[in-house]
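One structure is given below, encoded as structure tokens.
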Amino acid sequence: MATIKKTALIIGAGTGGYPCAIRLGQLGVDAMLVEKAEPGGVCLNWGCIPSKALISATKLYHKAQHAEHMGVSFQSPSVDMPKMQGWKAGIIKKLTGGVKTLVKGAGTEYVTATAEILGPGRVKLVYPKDEKGVAKPDDIVECEHLVIATGSQPIVIPGFEIDQDKVRDSTGALELDFVPEHMVCIGGGIIGLELGQTFQRLGTKLTVLEGMDRVLGPCDADLAKLVARKIKQDGGEVVTKAMAKGYETREGKLWVRAEVGGETKEYPADVVLVAVGRRPVTKGFGLERLGVTIDERGFVSVDARQQTNVAKVYAVGDVCGQPMLAHKASHEGEVVAEVIAGKKTVNDARSIPNVVFTEPEIASAGMGEDEARAAGHEIEIGKFPFSISGRAMAIDETDGFVKVIIDKQDTRVLGIHVVGPEASDLISEGSLAIEMGAFAEDIALTIHPHPTLGEAVMEAAKHAIGEAIHVGNRRR
Ligand code: NAI
């Protein structure tokens, strides 16, 4: 057992930990990044990237079957799920390999080991066994600064033990190498709908069971409605106020039991996807030995510099609070690196955009209507539908709209919400507008290229101030 001295140690190489490690290296801080599994965390290995790969492949499959009206027809396309999974695995391998290279390139040490906090500034590293079943002796790291970037894990519910066969969490669902005939998604949140629609595009009969009165609770209701409608149009079922209770196996199917408005109902499934949220990972690695404060929802409490109540102990990403988003984690990781390096950096982001890769896509930056009113704003709303956008027609994706929420008095942009084609890319303009404190005129008077989907953002901003060209304005 050796003792290694480091200025900073980061536990967890997900999208919070690895950018922190890279930035620390860039800033000349002697740091080590320790990870027990693959670099990249949930995002690269079992979340954002693999799901987006499957989403894009299944969209292509679906589009190829629905292009006759554009004068393009294909022979009936086929799906080779093992091959699709292999292609997806190749993307993950490239990206996770890239993470290690970037960390090392920045001058930070990367170590594969399980970290256990022994006490203030002391962390034990337990190395994995090699193919002969032998592991290197444990090491002790003595560090001045410690960054907790341990992420989150899926919540499990009684009655649905995850076996990654019939009953899967998102990790298991992303590994499916066949197309189930019936899928029941428990939870109509981001994961349930993104993955549910992925398999629906391949022909799976989808049932979404959502406990609340609508799907995608945190998203603007206007936008979420379109996704629920699309699932139904594509032959699926969305059951709200439905609490899943358990299942039994009959006739080769799982029959999922749910309480729906006081009645017990059953839904058939070949695969059940449990996606009822995630919880922070704060246990099992000695964090309690430091006396770090955990809030009532189980997250590590941090201040605007990502510092916990214990000096020189920081937390970033899913482990320290909502929203559980990769880009929020990365930003926090970079903030911590600068704090450790002695800079006066704080996390004062005005906007953490939210993107949901459903069909149609949803993306938001800033406040929703209710939130803006609750914050005391008198608001004006500008809207532009993709149904009258030339570009949307040309790519044959006309569902959805852009909604811009501004303060009625000074026209400052409070929120931008997009549901429709490429919403995930369009929202960056909205995020920048909010971060820069833009007024509606800043977007409206910026020349947007034609013909693009981005023009819809400009038109919605113009509409908010009564100056839209391609859609009727309200009298102001
Ligand atoms: P979620 O919090 O988005 O949705 C879970 C849903 O399950 C809620 O609507 C809840 O009401 C419902 N629910 C809970 N218990 C239930 C029960 N017994 N029966 C029926 N419904 C029940 O959680 P999800 O989808 O698991 O995603 C977890 C996290 O992962 C999210 O916080 C999200 O931020 C992140 N994520 C982000 C993505 C993105 O940015 N595109 C993609 C995937 C995940």
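In the structure tokens, chains take the letters A, B, ... in the order shown, each chain's residues start at 1, and ligands count up from 1 in the order shown.
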Got a sec to check which residues lie within 6 Å of ligand 1, using only C-alpha atoms and all ligand atoms, and send them as a list in words? Cys48, Ile186, Gly187, Gly188, Gly189, Ile190, Ile191, Gly192, Leu209, Glu210, Gly211, Met212, Val215, Leu216, Gly217, Ala242, Met243, Ala244, Ala275, Val276, Gly277, Arg278, Pro323, Met324, Leu325, Val355, Val356 and Phe357 of chain A
So which bits of segment 122-254 of chain A end up alpha helix (DSSP H) when you DSSP the backbone, as a list of chain:residue names? A:Ser170, A:Thr171, A:Gly172, A:Ala173, A:Ile190, A:Ile191, A:Gly192, A:Leu193, A:Glu194, A:Leu195, A:Gly196, A:Gln197, A:Thr198, A:Phe199, A:Gln200, A:Arg201, A:Ala221, A:Asp222, A:Leu223, A:Ala224, A:Lys225, A:Leu226, A:Val227, A:Ala228, A:Arg229, A:Lys230, A:Ile231, A:Lys232, A:Gln233
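Residue nearest Thr96 of chain A within the list A:Leu125, A:Ala135, A:Met367, A:Val42: A:Val42 [criterion: smallest interatomic distance, only C-alpha atoms].
Every protein, DNA or RNA residue with an atom at most 10 Å from Ser389 of chain A, where only C-alpha atoms count and chain neighbours fewer than 5 positions away do not, is listed here: Phe384, Ala394, Glu397, Thr398, Phe401, Pro451, Thr452, Leu453, Gly454, Glu455, Ala456 and His470 of chain A.
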With all heavy atoms retained, write the just-selected residues as a PDB file, in the first residue's frame.
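File out-v2.pdb, as written:
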```
ATOM      1  N   PHE A 384     -44.824  30.957 -32.790  1.00  0.00           N
ATOM      2  CA  PHE A 384     -44.728  30.729 -34.229  1.00  0.00           C
ATOM      3  C   PHE A 384     -44.814  29.230 -34.495  1.00  0.00           C
ATOM      4  O   PHE A 384     -44.015  28.459 -33.958  1.00  0.00           O
ATOM      5  CB  PHE A 384     -43.419  31.292 -34.789  1.00  0.00           C
ATOM      6  CG  PHE A 384     -43.399  31.294 -36.296  1.00  0.00           C
ATOM      7  CD1 PHE A 384     -44.022  32.305 -37.020  1.00  0.00           C
ATOM      8  CD2 PHE A 384     -42.784  30.260 -36.998  1.00  0.00           C
ATOM      9  CE1 PHE A 384     -44.021  32.293 -38.415  1.00  0.00           C
ATOM     10  CE2 PHE A 384     -42.786  30.246 -38.393  1.00  0.00           C
ATOM     11  CZ  PHE A 384     -43.415  31.260 -39.096  1.00  0.00           C
ATOM     12  N   ALA A 394     -40.209  21.659 -45.872  1.00  0.00           N
ATOM     13  CA  ALA A 394     -39.242  21.009 -46.766  1.00  0.00           C
ATOM     14  C   ALA A 394     -38.639  19.757 -46.141  1.00  0.00           C
ATOM     15  O   ALA A 394     -38.259  18.832 -46.856  1.00  0.00           O
ATOM     16  CB  ALA A 394     -38.147  21.998 -47.141  1.00  0.00           C
ATOM     17  N   GLU A 397     -41.481  18.023 -41.427  1.00  0.00           N
ATOM     18  CA  GLU A 397     -41.666  17.888 -39.964  1.00  0.00           C
ATOM     19  C   GLU A 397     -42.318  19.169 -39.455  1.00  0.00           C
ATOM     20  O   GLU A 397     -41.635  20.074 -38.981  1.00  0.00           O
ATOM     21  CB  GLU A 397     -40.328  17.648 -39.272  1.00  0.00           C
ATOM     22  CG  GLU A 397     -39.730  16.301 -39.629  1.00  0.00           C
ATOM     23  CD  GLU A 397     -38.488  15.967 -38.822  1.00  0.00           C
ATOM     24  OE1 GLU A 397     -38.449  16.280 -37.628  1.00  0.00           O
ATOM     25  OE2 GLU A 397     -37.557  15.407 -39.429  1.00  0.00           O
ATOM     26  N   THR A 398     -43.625  19.244 -39.574  1.00  0.00           N
ATOM     27  CA  THR A 398     -44.314  20.515 -39.324  1.00  0.00           C
ATOM     28  C   THR A 398     -45.060  20.563 -37.982  1.00  0.00           C
ATOM     29  O   THR A 398     -45.743  21.552 -37.697  1.00  0.00           O
ATOM     30  CB  THR A 398     -45.310  20.797 -40.469  1.00  0.00           C
ATOM     31  OG1 THR A 398     -46.120  19.630 -40.634  1.00  0.00           O
ATOM     32  CG2 THR A 398     -44.614  21.125 -41.767  1.00  0.00           C
ATOM     33  N   PHE A 401     -44.192  24.175 -32.358  1.00  0.00           N
ATOM     34  CA  PHE A 401     -44.121  25.639 -32.384  1.00  0.00           C
ATOM     35  C   PHE A 401     -42.981  26.131 -31.498  1.00  0.00           C
ATOM     36  O   PHE A 401     -42.415  25.368 -30.704  1.00  0.00           O
ATOM     37  CB  PHE A 401     -45.450  26.239 -31.906  1.00  0.00           C
ATOM     38  CG  PHE A 401     -45.878  25.744 -30.543  1.00  0.00           C
ATOM     39  CD1 PHE A 401     -45.390  26.334 -29.385  1.00  0.00           C
ATOM     40  CD2 PHE A 401     -46.753  24.670 -30.422  1.00  0.00           C
ATOM     41  CE1 PHE A 401     -45.764  25.869 -28.134  1.00  0.00           C
ATOM     42  CE2 PHE A 401     -47.141  24.198 -29.169  1.00  0.00           C
ATOM     43  CZ  PHE A 401     -46.643  24.807 -28.020  1.00  0.00           C
ATOM     44  N   PRO A 451     -33.585  29.581 -45.742  1.00  0.00           N
ATOM     45  CA  PRO A 451     -34.707  29.092 -44.957  1.00  0.00           C
ATOM     46  C   PRO A 451     -34.212  28.149 -43.868  1.00  0.00           C
ATOM     47  O   PRO A 451     -33.587  27.129 -44.156  1.00  0.00           O
ATOM     48  CB  PRO A 451     -35.515  28.311 -46.008  1.00  0.00           C
ATOM     49  CG  PRO A 451     -34.460  27.775 -46.952  1.00  0.00           C
ATOM     50  CD  PRO A 451     -33.290  28.712 -46.887  1.00  0.00           C
ATOM     51  N   THR A 452     -34.465  28.498 -42.625  1.00  0.00           N
ATOM     52  CA  THR A 452     -34.026  27.649 -41.511  1.00  0.00           C
ATOM     53  C   THR A 452     -35.125  27.563 -40.463  1.00  0.00           C
ATOM     54  O   THR A 452     -36.025  28.402 -40.417  1.00  0.00           O
ATOM     55  CB  THR A 452     -32.769  28.230 -40.815  1.00  0.00           C
ATOM     56  OG1 THR A 452     -33.108  29.524 -40.284  1.00  0.00           O
ATOM     57  CG2 THR A 452     -31.584  28.354 -41.734  1.00  0.00           C
ATOM     58  N   LEU A 453     -34.980  26.576 -39.596  1.00  0.00           N
ATOM     59  CA  LEU A 453     -35.928  26.424 -38.483  1.00  0.00           C
ATOM     60  C   LEU A 453     -35.729  27.553 -37.476  1.00  0.00           C
ATOM     61  O   LEU A 453     -36.659  27.968 -36.789  1.00  0.00           O
ATOM     62  CB  LEU A 453     -35.730  25.070 -37.799  1.00  0.00           C
ATOM     63  CG  LEU A 453     -35.992  23.844 -38.684  1.00  0.00           C
ATOM     64  CD1 LEU A 453     -35.498  22.571 -38.006  1.00  0.00           C
ATOM     65  CD2 LEU A 453     -37.487  23.713 -39.007  1.00  0.00           C
ATOM     66  N   GLY A 454     -34.509  28.089 -37.422  1.00  0.00           N
ATOM     67  CA  GLY A 454     -34.197  29.170 -36.486  1.00  0.00           C
ATOM     68  C   GLY A 454     -35.040  30.411 -36.717  1.00  0.00           C
ATOM     69  O   GLY A 454     -35.262  31.210 -35.794  1.00  0.00           O
ATOM     70  N   GLU A 455     -35.510  30.596 -37.940  1.00  0.00           N
ATOM     71  CA  GLU A 455     -36.380  31.755 -38.216  1.00  0.00           C
ATOM     72  C   GLU A 455     -37.626  31.729 -37.335  1.00  0.00           C
ATOM     73  O   GLU A 455     -38.211  32.775 -37.045  1.00  0.00           O
ATOM     74  CB  GLU A 455     -36.836  31.730 -39.677  1.00  0.00           C
ATOM     75  CG  GLU A 455     -35.748  32.082 -40.659  1.00  0.00           C
ATOM     76  CD  GLU A 455     -36.216  31.836 -42.095  1.00  0.00           C
ATOM     77  OE1 GLU A 455     -36.412  30.658 -42.468  1.00  0.00           O
ATOM     78  OE2 GLU A 455     -36.405  32.826 -42.818  1.00  0.00           O
ATOM     79  N   ALA A 456     -38.035  30.535 -36.926  1.00  0.00           N
ATOM     80  CA  ALA A 456     -39.231  30.421 -36.083  1.00  0.00           C
ATOM     81  C   ALA A 456     -38.992  31.083 -34.725  1.00  0.00           C
ATOM     82  O   ALA A 456     -39.910  31.656 -34.134  1.00  0.00           O
ATOM     83  CB  ALA A 456     -39.622  28.959 -35.908  1.00  0.00           C
ATOM     84  N   HIS A 470     -44.863  36.767 -40.634  1.00  0.00           N
ATOM     85  CA  HIS A 470     -45.517  35.627 -41.278  1.00  0.00           C
ATOM     86  C   HIS A 470     -46.651  35.027 -40.483  1.00  0.00           C
ATOM     87  O   HIS A 470     -47.116  33.931 -40.783  1.00  0.00           O
ATOM     88  CB  HIS A 470     -44.474  34.548 -41.602  1.00  0.00           C
ATOM     89  CG  HIS A 470     -43.476  35.001 -42.625  1.00  0.00           C
ATOM     90  ND1 HIS A 470     -42.257  35.527 -42.286  1.00  0.00           N
ATOM     91  CD2 HIS A 470     -43.544  35.031 -43.975  1.00  0.00           C
ATOM     92  CE1 HIS A 470     -41.598  35.850 -43.382  1.00  0.00           C
ATOM     93  NE2 HIS A 470     -42.356  35.556 -44.421  1.00  0.00           N
TER      94      HIS A 470
END
```
Might you pull out every residue within 12 Å of Leu206 of chain A, with only C-alpha atoms counted and same-chain residues fewer than 6 positions away left off, and present them as a PyMOL selection string? chain A and resi 179-186+188+192-200+228+230-239+267-273
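Near Val413 of chain A, within 10 Å and counting only C-alpha atoms, sit Gly366, Met367, Ile379, Glu380, Ile381, Val404, Ile405, Ile406, Asp407, Lys408, Gly430, Ala433, Ile434, Glu435, Met436, Gly437, Ala438, Phe439, Ala440, Glu441, Asp442, Ile443, Ala461 and Ala464 of chain A; same-chain residues fewer than 4 positions away were not included.
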For those residues, write C-alpha atoms to a file as a short mmCIF file (atom, residue, chain, number, x, y, z; two decimals), in the first residue's frame.
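File written: result_31.cif
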```
data_model
loop_
_atom_site.label_atom_id
_atom_site.label_comp_id
_atom_site.auth_asym_id
_atom_site.auth_seq_id
_atom_site.Cartn_x
_atom_site.Cartn_y
_atom_site.Cartn_z
CA GLY A 366 -35.74 30.05 -18.74
CA MET A 367 -39.16 30.33 -17.17
CA ILE A 379 -46.05 38.60 -19.48
CA GLU A 380 -46.55 38.69 -23.22
CA ILE A 381 -46.28 35.54 -25.31
CA VAL A 404 -41.21 33.14 -26.46
CA ILE A 405 -42.24 34.55 -23.08
CA ILE A 406 -41.26 38.16 -22.39
CA ASP A 407 -41.84 40.72 -19.66
CA LYS A 408 -44.62 43.00 -20.96
CA GLY A 430 -32.74 30.82 -26.29
CA ALA A 433 -30.56 35.14 -24.97
CA ILE A 434 -31.47 34.51 -21.33
CA GLU A 435 -27.85 34.30 -20.18
CA MET A 436 -27.14 37.66 -21.88
CA GLY A 437 -30.30 39.29 -20.50
CA ALA A 438 -31.64 39.82 -24.05
CA PHE A 439 -34.79 41.75 -24.93
CA ALA A 440 -37.28 40.46 -27.51
CA GLU A 441 -35.88 43.03 -29.97
CA ASP A 442 -32.39 41.50 -29.68
CA ILE A 443 -33.71 38.28 -31.20
CA ALA A 461 -39.83 36.98 -30.65
CA ALA A 464 -44.27 38.78 -28.74
#
```
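Each of A:Met81, A:Cys219, A:Ile92, A:Leu54 was compared to Asp177 of chain A using only C-alpha atoms, and A:Met81 turns out to be the nearest.
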Quick one: pick out all strand (DSSP E) residues within segment 219-318 of chain A from a backbone DSSP run and write them as an mmCIF file with N, CA and C atoms, in the first residue's frame.
```
data_model
loop_
_atom_site.group_PDB
_atom_site.id
_atom_site.type_symbol
_atom_site.label_atom_id
_atom_site.label_comp_id
_atom_site.auth_asym_id
_atom_site.auth_seq_id
_atom_site.Cartn_x
_atom_site.Cartn_y
_atom_site.Cartn_z
ATOM 1 N N GLU A 237 -50.697 4.055 -25.986
ATOM 2 C CA GLU A 237 -51.677 4.428 -24.978
ATOM 3 C C GLU A 237 -50.943 5.216 -23.882
ATOM 4 N N VAL A 238 -51.547 6.320 -23.448
ATOM 5 C CA VAL A 238 -50.975 7.079 -22.328
ATOM 6 C C VAL A 238 -52.027 7.102 -21.237
ATOM 7 N N VAL A 239 -51.731 6.427 -20.124
ATOM 8 C CA VAL A 239 -52.711 6.349 -19.033
ATOM 9 C C VAL A 239 -52.191 7.214 -17.883
ATOM 10 N N ALA A 242 -52.196 6.889 -13.048
ATOM 11 C CA ALA A 242 -52.068 5.425 -13.005
ATOM 12 C C ALA A 242 -50.859 5.050 -12.162
ATOM 13 N N MET A 243 -51.082 4.443 -11.001
ATOM 14 C CA MET A 243 -49.975 4.024 -10.141
ATOM 15 C C MET A 243 -49.754 2.524 -10.317
ATOM 16 N N ALA A 244 -48.581 2.184 -10.855
ATOM 17 C CA ALA A 244 -48.266 0.772 -11.095
ATOM 18 C C ALA A 244 -48.030 0.070 -9.757
ATOM 19 N N LYS A 245 -48.619 -1.099 -9.579
ATOM 20 C CA LYS A 245 -48.552 -1.788 -8.286
ATOM 21 C C LYS A 245 -47.808 -3.107 -8.320
ATOM 22 N N GLY A 246 -47.809 -3.783 -9.451
ATOM 23 C CA GLY A 246 -47.152 -5.086 -9.533
ATOM 24 C C GLY A 246 -47.541 -5.763 -10.841
ATOM 25 N N TYR A 247 -47.140 -7.031 -10.985
ATOM 26 C CA TYR A 247 -47.505 -7.736 -12.215
ATOM 27 C C TYR A 247 -47.599 -9.221 -11.946
ATOM 28 N N GLU A 248 -48.271 -9.930 -12.847
ATOM 29 C CA GLU A 248 -48.205 -11.387 -12.818
ATOM 30 C C GLU A 248 -47.971 -11.892 -14.235
ATOM 31 N N THR A 249 -47.452 -13.119 -14.336
ATOM 32 C CA THR A 249 -47.143 -13.676 -15.655
ATOM 33 C C THR A 249 -48.243 -14.654 -16.049
ATOM 34 N N ARG A 250 -48.834 -14.434 -17.218
ATOM 35 C CA ARG A 250 -49.894 -15.303 -17.757
ATOM 36 C C ARG A 250 -49.770 -15.339 -19.263
ATOM 37 N N LYS A 253 -47.084 -13.541 -21.155
ATOM 38 C CA LYS A 253 -46.933 -12.075 -21.038
ATOM 39 C C LYS A 253 -46.866 -11.689 -19.569
ATOM 40 N N LEU A 254 -46.327 -10.505 -19.329
ATOM 41 C CA LEU A 254 -46.451 -9.903 -18.001
ATOM 42 C C LEU A 254 -47.725 -9.060 -18.030
ATOM 43 N N TRP A 255 -48.540 -9.169 -16.991
ATOM 44 C CA TRP A 255 -49.741 -8.328 -16.911
ATOM 45 C C TRP A 255 -49.514 -7.324 -15.789
ATOM 46 N N VAL A 256 -49.310 -6.077 -16.178
ATOM 47 C CA VAL A 256 -48.967 -5.043 -15.201
ATOM 48 C C VAL A 256 -50.248 -4.476 -14.599
ATOM 49 N N ARG A 257 -50.285 -4.510 -13.262
ATOM 50 C CA ARG A 257 -51.458 -4.049 -12.528
ATOM 51 C C ARG A 257 -51.246 -2.600 -12.098
ATOM 52 N N ALA A 258 -52.264 -1.775 -12.351
ATOM 53 C CA ALA A 258 -52.147 -0.368 -11.937
ATOM 54 C C ALA A 258 -53.470 0.114 -11.368
ATOM 55 N N GLU A 259 -53.388 1.009 -10.386
ATOM 56 C CA GLU A 259 -54.580 1.676 -9.850
ATOM 57 C C GLU A 259 -54.812 2.907 -10.716
ATOM 58 N N VAL A 260 -55.948 2.919 -11.403
ATOM 59 C CA VAL A 260 -56.247 4.057 -12.290
ATOM 60 C C VAL A 260 -57.578 4.658 -11.846
ATOM 61 N N GLU A 263 -59.733 2.400 -9.761
ATOM 62 C CA GLU A 263 -59.992 1.057 -10.312
ATOM 63 C C GLU A 263 -58.667 0.321 -10.534
ATOM 64 N N THR A 264 -58.693 -1.010 -10.467
ATOM 65 C CA THR A 264 -57.489 -1.776 -10.795
ATOM 66 C C THR A 264 -57.586 -2.242 -12.245
ATOM 67 N N LYS A 265 -56.551 -1.902 -13.030
ATOM 68 C CA LYS A 265 -56.546 -2.309 -14.444
ATOM 69 C C LYS A 265 -55.268 -3.077 -14.742
ATOM 70 N N GLU A 266 -55.295 -3.859 -15.845
ATOM 71 C CA GLU A 266 -54.125 -4.651 -16.233
ATOM 72 C C GLU A 266 -53.700 -4.318 -17.662
ATOM 73 N N TYR A 267 -52.386 -4.307 -17.876
ATOM 74 C CA TYR A 267 -51.854 -3.982 -19.209
ATOM 75 C C TYR A 267 -50.821 -5.037 -19.589
ATOM 76 N N PRO A 268 -50.888 -5.588 -20.822
ATOM 77 C CA PRO A 268 -49.933 -6.634 -21.209
ATOM 78 C C PRO A 268 -48.570 -6.046 -21.589
ATOM 79 N N ALA A 269 -47.521 -6.826 -21.303
ATOM 80 C CA ALA A 269 -46.165 -6.384 -21.663
ATOM 81 C C ALA A 269 -45.261 -7.578 -21.903
ATOM 82 N N VAL A 271 -41.948 -6.530 -22.210
ATOM 83 C CA VAL A 271 -40.885 -5.883 -21.428
ATOM 84 C C VAL A 271 -41.514 -4.714 -20.676
ATOM 85 N N VAL A 272 -41.156 -4.606 -19.396
ATOM 86 C CA VAL A 272 -41.597 -3.452 -18.601
ATOM 87 C C VAL A 272 -40.376 -2.564 -18.381
ATOM 88 N N LEU A 273 -40.515 -1.279 -18.694
ATOM 89 C CA LEU A 273 -39.448 -0.313 -18.422
ATOM 90 C C LEU A 273 -39.853 0.497 -17.199
ATOM 91 N N VAL A 274 -39.034 0.424 -16.158
ATOM 92 C CA VAL A 274 -39.315 1.207 -14.944
ATOM 93 C C VAL A 274 -38.473 2.488 -15.017
ATOM 94 N N ARG A 278 -34.615 9.171 -10.667
ATOM 95 C CA ARG A 278 -33.294 8.715 -10.210
ATOM 96 C C ARG A 278 -33.003 9.331 -8.846
ATOM 97 N N ARG A 279 -32.120 8.665 -8.075
ATOM 98 C CA ARG A 279 -31.759 9.242 -6.780
ATOM 99 C C ARG A 279 -30.237 9.371 -6.677
ATOM 100 N N PRO A 280 -29.789 10.374 -5.899
ATOM 101 C CA PRO A 280 -28.341 10.620 -5.811
ATOM 102 C C PRO A 280 -27.596 9.490 -5.115
ATOM 103 N N VAL A 313 -14.357 20.339 0.552
ATOM 104 C CA VAL A 313 -15.098 19.197 -0.011
ATOM 105 C C VAL A 313 -16.215 19.779 -0.858
ATOM 106 N N TYR A 314 -16.290 19.372 -2.125
ATOM 107 C CA TYR A 314 -17.215 19.938 -3.103
ATOM 108 C C TYR A 314 -18.069 18.814 -3.691
ATOM 109 N N ALA A 315 -19.187 19.192 -4.307
ATOM 110 C CA ALA A 315 -19.989 18.189 -5.018
ATOM 111 C C ALA A 315 -20.492 18.797 -6.317
#
```
Pick out the residues sitting within 10 Å of segment 107-119 of chain A, and hand them over as number ranges by chain; count only C-alpha atoms, and ignore anything fewer than 6 positions along from it in its own chain. A: 6, 8-13, 18, 20-39, 99-101, 125-129, 136, 138-142, 146, 284-291
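Atom to atom, atom CA of Trp87 of chain A and atom CA of Gly14 of chain A stand 21.8 Å apart.
The shortest atom-to-atom distance to Lys52 of chain A, with only C-alpha atoms taken into account, belongs to A:Ser424 out of A:Ser424, A:Ala329, A:Gly390, A:Ala444.
One distance worth recording is that between atom CA of Glu338 of chain A and atom CA of Ala149 of chain A, which is 15.8 Å.
Atom pair atom CA of His69 of chain A / atom CA of Val471 of chain A: separated by 26.6 Å.
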